[in-house]
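Scroll down for the structure; my scribbles are underneath it.
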Amino acid sequence: MVKAVWQGKTIAESNNTVVVEGNHYFPPEHVNTEFLTPSDHTSYCPWKGTASYRHVLVNGLEATNAAWFYPEVKPKAQNLKDHVAFWKGVEVVG
């Protein structure tokens, strides 16, 4: 079981993550979206597409743009569509 944890709260948990470039991408149904807030930030990957971001917010503490996902993906990244990965202090363990 792989977990994404921020400030002692489990943000995501799954046995079915997709690992790409060292990042665990969690299926969207395994992410506790109550801890995610909107962000306007995006980034671009030539083979995955444009990533959208969310802030992770727990007990008033925010990890800015710490969650990302690809709502539209390029052909080689179909298995990542809408899966969520974490960084910026969100601990991924398991």
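Starting from 1 in every chain, residues are counted up; chains themselves are A, B, ... following the order of the structure tokens, and ligands are numbered from 1 as listed.
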Hey, could you make a per-residue contact list for region 67-86 of chain A against region 11-30 of chain A with 6 Å as the cut-off, showing the nearest pair of atoms and its distance in Å to one decimal, counting only C-alpha atoms, sorted by chain and number, as JSON lines?
{"residue": "A:His83", "atom": "CA", "partner": "A:Pro27", "partner_atom": "CA", "distance": 4.7}
{"residue": "A:Val84", "atom": "CA", "partner": "A:Tyr25", "partner_atom": "CA", "distance": 5.0}
{"residue": "A:Ala85", "atom": "CA", "partner": "A:Tyr25", "partner_atom": "CA", "distance": 4.5}
Worksheet entry | In region 7-91 of chain A, DSSP strand (DSSP E or B) residues written as a PyMOL selection string | chain A and resi 9-14+18-20+23-26+31+36-45+49-58+61-70+81+84-86+91
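For the residues A:Lys48, A:Leu36, A:Val93, A:Trp87, ranking by smallest atom-to-atom distance to Pro71 (chain A) using only C-alpha atoms places A:Lys48 first.
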Item to complete: Would you mind listing what lies within 10 Å of Tyr53 (chain A) as a ChimeraX atom specification, with only C-alpha atoms counted and same-chain residues fewer than 5 positions away left out?
Response: /A:36-43,64-70,84-86
